[in-house]
>>> print(open('protein-v7.txt').read())   # compact mmCIF, C-alpha atoms and all ligand atoms
# COMPACT_ATOMS: atom_id res chain seq x y z
CA MET A 1 97.36 104.08 110.47
CA VAL A 2 100.12 104.83 107.93
CA ALA A 3 100.79 108.22 109.51
CA ASN A 4 101.06 106.56 112.95
CA PHE A 5 103.23 103.76 111.48
CA ASP A 6 100.97 101.17 113.07
CA PHE A 7 102.55 98.25 111.21
CA GLU A 8 101.29 95.72 113.75
CA ASN A 9 97.60 96.42 113.20
CA ILE A 10 97.37 97.66 109.62
CA GLY A 11 96.99 94.13 108.16
CA ALA A 12 93.95 93.38 110.33
CA ALA A 13 92.42 96.78 109.56
CA VAL A 14 92.81 96.25 105.79
CA GLU A 15 91.28 92.78 106.11
CA GLU A 16 88.32 94.20 107.99
CA ALA A 17 87.81 96.98 105.42
CA LEU A 18 87.90 94.46 102.55
CA LYS A 19 85.37 92.26 104.33
CA ALA A 20 83.13 95.30 104.78
CA GLY A 21 83.25 95.78 100.98
CA VAL A 22 85.59 98.78 100.76
CA ASP A 23 87.14 99.13 97.27
CA PRO A 24 90.88 98.20 97.37
CA LEU A 25 91.62 101.33 95.30
CA GLU A 26 90.09 103.47 98.02
CA ILE A 27 92.41 101.82 100.53
CA ILE A 28 95.42 102.59 98.29
CA ASP A 29 94.30 106.24 98.21
CA LEU A 30 94.25 106.29 102.01
CA PHE A 31 97.76 104.81 102.06
CA SER A 32 98.97 107.54 99.70
CA ASP A 33 97.35 110.26 101.82
CA GLY A 34 99.06 108.89 104.92
CA ALA A 35 102.42 108.69 103.13
CA ARG A 36 102.05 112.28 101.92
CA GLU A 37 101.29 113.51 105.43
CA VAL A 38 104.34 111.70 106.80
CA GLY A 39 106.54 112.97 103.97
CA GLU A 40 105.58 116.55 104.78
CA LYS A 41 106.37 116.04 108.47
CA TYR A 42 109.74 114.50 107.58
CA GLU A 43 110.51 117.46 105.34
CA LYS A 44 109.76 119.87 108.20
CA GLY A 45 112.06 117.91 110.50
CA GLU A 46 109.19 116.67 112.66
CA LEU A 47 110.05 113.00 112.04
CA TYR A 48 113.30 111.00 112.04
CA LEU A 49 114.50 108.76 109.22
CA SER A 50 113.88 105.73 111.44
CA GLU A 51 110.22 106.75 111.55
CA LEU A 52 110.19 107.06 107.75
CA VAL A 53 111.48 103.48 107.62
CA MET A 54 108.61 102.40 109.89
CA VAL A 55 106.13 104.09 107.56
CA GLY A 56 107.63 102.07 104.69
CA GLU A 57 107.15 98.87 106.70
CA THR A 58 103.57 99.85 107.54
CA LEU A 59 102.73 100.47 103.88
CA LYS A 60 104.26 97.12 102.94
CA ALA A 61 102.33 95.25 105.63
CA GLY A 62 99.09 96.82 104.39
CA MET A 63 99.86 96.07 100.75
CA GLU A 64 100.53 92.40 101.51
CA VAL A 65 96.95 91.94 102.70
CA LEU A 66 95.57 94.03 99.85
CA GLU A 67 97.40 92.21 97.05
CA PRO A 68 95.18 89.09 96.77
CA ALA A 69 92.12 91.34 96.45
CA ILE A 70 93.61 93.02 93.37
CA LYS A 71 95.28 90.09 91.55
CA GLY A 72 93.25 87.91 89.29
CA ALA A 73 93.86 88.24 85.54
CA LYS A 74 94.46 84.98 83.72
CA SER A 75 95.81 86.06 80.33
CA TYR A 76 97.83 89.15 79.48
CA LYS A 77 97.34 91.95 76.99
CA ALA A 78 100.87 93.38 76.85
CA VAL A 79 104.26 92.99 78.46
CA MET A 80 105.47 95.80 80.67
CA VAL A 81 108.97 96.19 82.05
CA LEU A 82 108.85 98.04 85.36
CA GLY A 83 111.53 99.29 87.72
CA THR A 84 112.64 102.07 90.04
CA VAL A 85 115.32 104.19 88.42
CA GLU A 86 119.02 104.02 89.29
CA GLY A 87 119.91 105.47 92.70
CA ASP A 88 116.38 105.22 94.03
CA LEU A 89 115.30 102.60 96.56
CA HIS A 90 111.61 103.51 96.91
CA ASP A 91 109.46 100.63 95.73
CA ILE A 92 106.08 100.82 97.42
CA GLY A 93 104.40 102.95 94.74
CA LYS A 94 106.02 100.92 91.96
CA ASN A 95 104.68 97.75 93.57
CA VAL A 96 101.19 99.25 93.82
CA PHE A 97 101.27 100.15 90.13
CA GLY A 98 102.67 96.73 89.16
CA MET A 99 100.05 94.95 91.20
CA LEU A 100 97.21 96.94 89.62
CA ALA A 101 98.66 96.36 86.14
CA ARG A 102 98.84 92.60 86.75
CA GLY A 103 95.28 92.68 88.01
CA GLN A 104 94.22 94.28 84.73
CA GLY A 105 95.90 91.73 82.53
CA PHE A 106 99.42 93.04 81.87
CA ARG A 107 102.42 90.77 82.24
CA VAL A 108 104.72 92.79 84.47
CA VAL A 109 108.44 92.11 84.49
CA ASP A 110 109.46 93.80 87.72
CA LEU A 111 113.19 94.60 87.83
CA GLY A 112 113.10 95.93 91.40
CA VAL A 113 114.84 99.08 92.60
CA ASP A 114 118.02 100.94 91.61
CA VAL A 115 117.71 99.75 88.02
CA ASN A 116 120.23 101.17 85.55
CA LYS A 117 119.45 102.02 81.92
CA GLU A 118 121.22 98.93 80.57
CA ARG A 119 119.01 96.60 82.63
CA PHE A 120 115.85 98.36 81.47
CA VAL A 121 116.91 97.95 77.84
CA GLN A 122 118.04 94.36 78.26
CA ALA A 123 114.70 93.42 79.84
CA VAL A 124 112.78 95.07 76.98
CA LYS A 125 114.73 92.95 74.50
CA GLU A 126 114.47 89.71 76.47
CA ASN A 127 110.73 90.01 77.08
CA ASP A 128 109.68 91.72 73.87
CA ALA A 129 108.00 94.38 76.00
CA SER A 130 105.83 97.15 74.57
CA ILE A 131 105.65 99.33 77.70
CA VAL A 132 108.38 100.57 80.03
CA GLY A 133 107.31 101.87 83.44
CA ILE A 134 109.88 103.85 85.39
CA SER A 135 109.32 104.82 89.00
CA CYS A 136 111.20 107.66 90.71
CA LEU A 137 110.53 109.31 94.06
CA LEU A 138 113.52 111.61 94.51
CA THR A 139 114.18 114.87 92.72
CA THR A 140 117.82 113.75 92.47
CA THR A 141 117.00 110.43 90.77
CA MET A 142 114.57 112.12 88.36
CA LEU A 143 117.79 113.16 86.61
CA ASN A 144 118.50 109.52 85.76
CA VAL A 145 115.25 108.94 83.88
CA PRO A 146 116.22 110.65 80.58
CA GLY A 147 119.21 108.29 80.36
CA VAL A 148 116.88 105.28 80.14
CA ILE A 149 114.98 106.89 77.27
CA GLU A 150 118.21 107.83 75.50
CA GLU A 151 119.48 104.26 75.84
CA LEU A 152 116.24 102.90 74.35
CA GLU A 153 116.76 105.28 71.44
CA ARG A 154 120.44 104.36 71.06
CA GLN A 155 119.51 100.68 70.81
CA GLY A 156 116.77 101.35 68.24
CA LEU A 157 113.94 100.39 70.57
CA ARG A 158 112.28 103.72 71.28
CA GLY A 159 109.79 103.38 68.40
CA LYS A 160 108.72 99.98 69.67
CA VAL A 161 107.90 100.88 73.29
CA ARG A 162 105.83 103.46 75.13
CA VAL A 163 107.42 104.92 78.23
CA ILE A 164 105.49 105.98 81.33
CA VAL A 165 107.19 107.57 84.33
CA GLY A 166 105.58 107.55 87.77
CA GLY A 167 106.22 108.69 91.32
CA ALA A 168 105.30 111.45 93.75
CA PRO A 169 107.36 114.25 92.08
CA VAL A 170 106.42 113.30 88.49
CA THR A 171 104.15 115.38 86.25
CA ASP A 172 102.96 114.61 82.75
CA ASP A 173 104.56 117.83 81.45
CA TRP A 174 107.98 116.95 82.84
CA ALA A 175 107.77 113.39 81.52
CA LYS A 176 106.96 114.64 78.03
CA GLN A 177 109.76 117.21 78.17
CA ILE A 178 112.32 114.45 78.77
CA GLY A 179 110.96 112.35 75.92
CA ALA A 180 108.64 109.92 77.74
CA ASP A 181 105.11 109.31 76.50
CA ALA A 182 103.38 110.00 79.82
CA GLY A 183 103.98 110.77 83.48
CA THR A 184 101.84 110.63 86.59
CA ASN A 185 101.84 110.52 90.36
CA ASP A 186 98.77 108.30 90.42
CA ALA A 187 98.83 104.57 89.69
CA VAL A 188 95.20 104.39 88.60
CA GLU A 189 95.70 107.24 86.13
CA GLY A 190 98.88 105.52 84.87
CA LEU A 191 96.96 102.34 84.29
CA GLU A 192 94.27 104.18 82.34
CA VAL A 193 97.00 105.53 80.05
CA CYS A 194 98.52 102.05 79.55
CA ASN A 195 95.11 100.58 78.81
CA ARG A 196 94.65 103.21 76.08
CA TRP A 197 97.96 102.12 74.53
CA VAL A 198 97.07 98.46 74.10
C1 LIG B 201 108.42 105.41 102.70
C2 LIG B 201 109.46 106.42 102.26
C3 LIG B 201 110.79 106.01 102.29
C4 LIG B 201 111.22 104.57 102.61
C5 LIG B 201 111.05 103.75 101.31
C6 LIG B 201 110.68 102.31 101.59
C7 LIG B 201 110.36 101.58 100.30
N1 LIG B 201 110.58 100.29 100.35
O1 LIG B 201 109.94 102.13 99.30
C8 LIG B 201 112.71 104.77 103.03
C9 LIG B 201 112.79 105.01 104.52
C10 LIG B 201 113.67 103.63 102.64
C11 LIG B 201 113.04 106.10 102.33
C12 LIG B 201 114.32 106.50 102.08
C13 LIG B 201 114.65 107.78 101.61
N2 LIG B 201 113.77 108.80 101.37
CO1 LIG B 201 111.85 108.55 101.29
N3 LIG B 201 109.99 108.64 101.48
C14 LIG B 201 109.10 107.74 101.82
C15 LIG B 201 107.69 108.39 101.78
C16 LIG B 201 107.29 108.76 103.21
C17 LIG B 201 106.57 107.56 101.19
C18 LIG B 201 106.84 106.99 99.80
C19 LIG B 201 105.75 105.99 99.49
O2 LIG B 201 105.94 104.79 99.54
N4 LIG B 201 104.53 106.51 99.24
C20 LIG B 201 103.31 105.69 99.03
C21 LIG B 201 103.20 105.30 97.58
C22 LIG B 201 101.93 104.46 97.37
O3 LIG B 201 103.11 106.49 96.82
P1 LIG B 201 104.11 106.84 95.60
O4 LIG B 201 105.42 106.22 95.80
O5 LIG B 201 104.02 108.25 95.24
O6 LIG B 201 103.42 105.97 94.41
C23 LIG B 201 102.17 106.33 93.88
C24 LIG B 201 102.31 107.09 92.57
O7 LIG B 201 103.38 107.99 92.58
C25 LIG B 201 102.38 106.04 91.53
N5 LIG B 201 103.65 105.49 91.07
C26 LIG B 201 104.78 105.22 91.72
N6 LIG B 201 105.68 104.67 90.91
C27 LIG B 201 105.08 104.56 89.70
C28 LIG B 201 105.57 104.08 88.47
C29 LIG B 201 104.75 104.13 87.36
C30 LIG B 201 105.26 103.62 86.06
C31 LIG B 201 103.43 104.68 87.47
C32 LIG B 201 102.57 104.76 86.29
C33 LIG B 201 102.95 105.15 88.69
C34 LIG B 201 103.79 105.08 89.78
O8 LIG B 201 101.64 104.95 92.08
C35 LIG B 201 101.51 105.02 93.47
C36 LIG B 201 100.04 104.94 93.83
O9 LIG B 201 99.31 105.97 93.22
C37 LIG B 201 107.96 109.64 100.87
C38 LIG B 201 106.97 110.81 101.04
C39 LIG B 201 106.14 111.06 99.80
N7 LIG B 201 105.42 112.14 99.84
O10 LIG B 201 106.17 110.35 98.84
C40 LIG B 201 109.42 109.96 101.24
C41 LIG B 201 110.31 110.73 100.26
C42 LIG B 201 110.08 110.28 98.83
N8 LIG B 201 111.66 110.34 100.68
C43 LIG B 201 112.50 111.33 100.66
C44 LIG B 201 113.87 111.24 101.02
C45 LIG B 201 114.65 112.53 101.08
C46 LIG B 201 114.47 109.99 101.28
C47 LIG B 201 115.95 109.73 101.60
C48 LIG B 201 116.96 110.52 100.73
C49 LIG B 201 116.15 110.01 103.11
C50 LIG B 201 117.58 109.93 103.60
N9 LIG B 201 118.02 111.06 104.14
O11 LIG B 201 118.23 108.94 103.47
C51 LIG B 201 116.05 108.20 101.37
C52 LIG B 201 116.47 107.87 99.91
C53 LIG B 201 116.87 106.45 99.71
C54 LIG B 201 117.06 106.14 98.22
N10 LIG B 201 118.28 106.18 97.72
O12 LIG B 201 116.09 105.93 97.54
C55 LIG B 201 111.84 112.62 100.19
C56 LIG B 201 112.25 113.01 98.77
C57 LIG B 201 112.46 114.49 98.64
C58 LIG B 201 112.95 114.89 97.31
N11 LIG B 201 112.73 116.13 97.02
O13 LIG B 201 113.52 114.18 96.53
C59 LIG B 201 110.32 112.32 100.42
C60 LIG B 201 109.38 113.03 99.44
C61 LIG B 201 110.01 112.74 101.87
C62 LIG B 201 110.12 114.24 102.08
N12 LIG B 201 109.05 114.98 101.92
O14 LIG B 201 111.18 114.72 102.41
N13 LIG B 201 111.90 106.79 102.05
>>> encode(input="protein-v7.txt", output="structure tokens")
Amino acid sequence: MVANFDFENIGAAVEEALKAGVDPLEIIDLFSDGAREVGEKYEKGELYLSELVMVGETLKAGMEVLEPAIKGAKSYKAVMVLGTVEGDLHDIGKNVFGMLARGQGFRVVDLGVDVNKERFVQAVKENDASIVGISCLLTTTMLNVPGVIEELERQGLRGKVRVIVGGAPVTDDWAKQIGADAGTNDAVEGLEVCNRWV
């Protein structure tokens, strides 16, 4: 459904799957598979940007129906500041991760997309956060992630927070090389790491 950008019917299909007892995490995996397939086609020039936009809308429509099935924690175990790095407008994966984190009892301060290093640091201070989650989907905007970590260091906050970077091009090795504590292209794996930290 994602790969066919069927944004009109995806909500009903997700609802049906949930009613049939399918695990919401399994549905997220299917979304990611569909997005990957589309991304590859776009890369090969088999799809237009307008179709990529429609895929984004389809993913969002599906996530809207999925969200209530994942939410549910009443108290929180840690505060996490989350945002998509400067220059990057992709937010679907970040929202998936944020939603799962909320569902597991984190208070998530979501700063949105195109977030510069100063806003990340300010939000850490204002919310007394212990985790910073940075999303990035473009190889070009990956270059902006080290700046956030440097700014945390400059302001004396690096020892107080753990930093996790996520997004399709992110690997744990790369994240550690740039001074983050962890990196992943999988929200569930990211959440396991955060749970170990608290
Ligand atoms: C939908 C989409 C868009 C939509 C975004 C809509 C939105 N609101 O987000 C639109 C159409 C706006 C878009 C625009 C562009 N896009 Co785009 N897009 C995609 C696409 C198809 C899917 C992304 C997605 O939502 N995936 C589904 C989610 C669930 O997966 P995910 O983001 O990876 O997130 C998962 C994990 O990574 C993780 N995660 C994500 N964030 C975080 C954060 C933390 C802390 C943690 C722990 C985990 C985590 O959790 C999620 C679940 O497991 C990808 C293809 C791909 N393979 O990713 C291309 C892709 C990312 N886009 C690409 C490009 C080139 C662009 C544009 C530059 C196109 C253009 N010419 O303008 C622009 C850039 C705009 C900008 N400045 O950001 C390229 C990037 C290539 C590269 N090497 O950098 C890709 C890879 C497509 C391709 N193969 O060419 N795009």
>>> residues_near_ligand(input="protein-v7.txt", ligand="ligand LIG 201 (chain B)", cutoff="7 Å", atoms="all atoms listed in the file", output="VMD selection string")
chain A and resid 28 31 to 32 35 to 36 38 to 40 42 to 43 49 52 to 53 55 to 56 59 82 87 to 94 96 to 97 133 to 140 164 to 168 183 to 188 190 to 191
>>> residues_around(input="protein-v7.txt", residues="A:Val161", least_positions_apart="6", cutoff="12 Å", atoms="only C-alpha atoms", output="MDAnalysis selection string")
chainID A and resid 78:81 120:121 124:125 127:133 149 152:153 155 180:181 194 197:198
>>> closest_residue(input="protein-v7.txt", among="A:Glu16, A:Glu86, A:Asp110, A:Asp29", to="A:Val145", atoms="only C-alpha atoms")
A:Glu86
>>> closest_residue(input="protein-v7.txt", among="A:Ser50, A:Asn95, A:Asn144, A:Gln104", to="A:Lys117", atoms="only C-alpha atoms")
A:Asn144
>>> atom_distance(input="protein-v7.txt", atom1="atom CA of A:Glu37", atom2="atom CA of A:Asn4")
10.2 Å
>>> atom_distance(input="protein-v7.txt", atom1="atom CA of A:Val108", atom2="atom CA of A:Asp172")
22.0 Å
>>> residues_near_point(input="protein-v7.txt", point="(119.4, 100.9, 89.6)", cutoff="6 Å", atoms="all atoms listed in the file", output="JSON, numbers by chain")
{"A": [85, 86, 87, 113, 114, 115, 116]}
>>> atom_distance(input="protein-v7.txt", atom1="atom CA of A:Thr141", atom2="atom CA of A:Val193")
23.2 Å
>>> residues_around(input="protein-v7.txt", residues="A:Glu15", least_positions_apart="5", cutoff="9 Å", atoms="all atoms listed in the file", output="list of chain:residue names")
A:Ile10, A:Ala20, A:Gly62, A:Val65, A:Leu66
>>> closest_residue(input="protein-v7.txt", among="A:Leu143, A:Leu30, A:Arg196, A:Asn9", to="A:Pro169", atoms="only C-alpha atoms")
A:Leu143
>>> closest_residue(input="protein-v7.txt", among="A:Val109, A:Lys160, A:Leu25, A:Glu57", to="A:Gly11", atoms="all atoms listed in the file")
A:Glu57
>>> closest_residue(input="protein-v7.txt", among="A:Gly45, A:Asp6, A:Ala69, A:Phe106", to="A:Val22", atoms="only C-alpha atoms")
A:Ala69
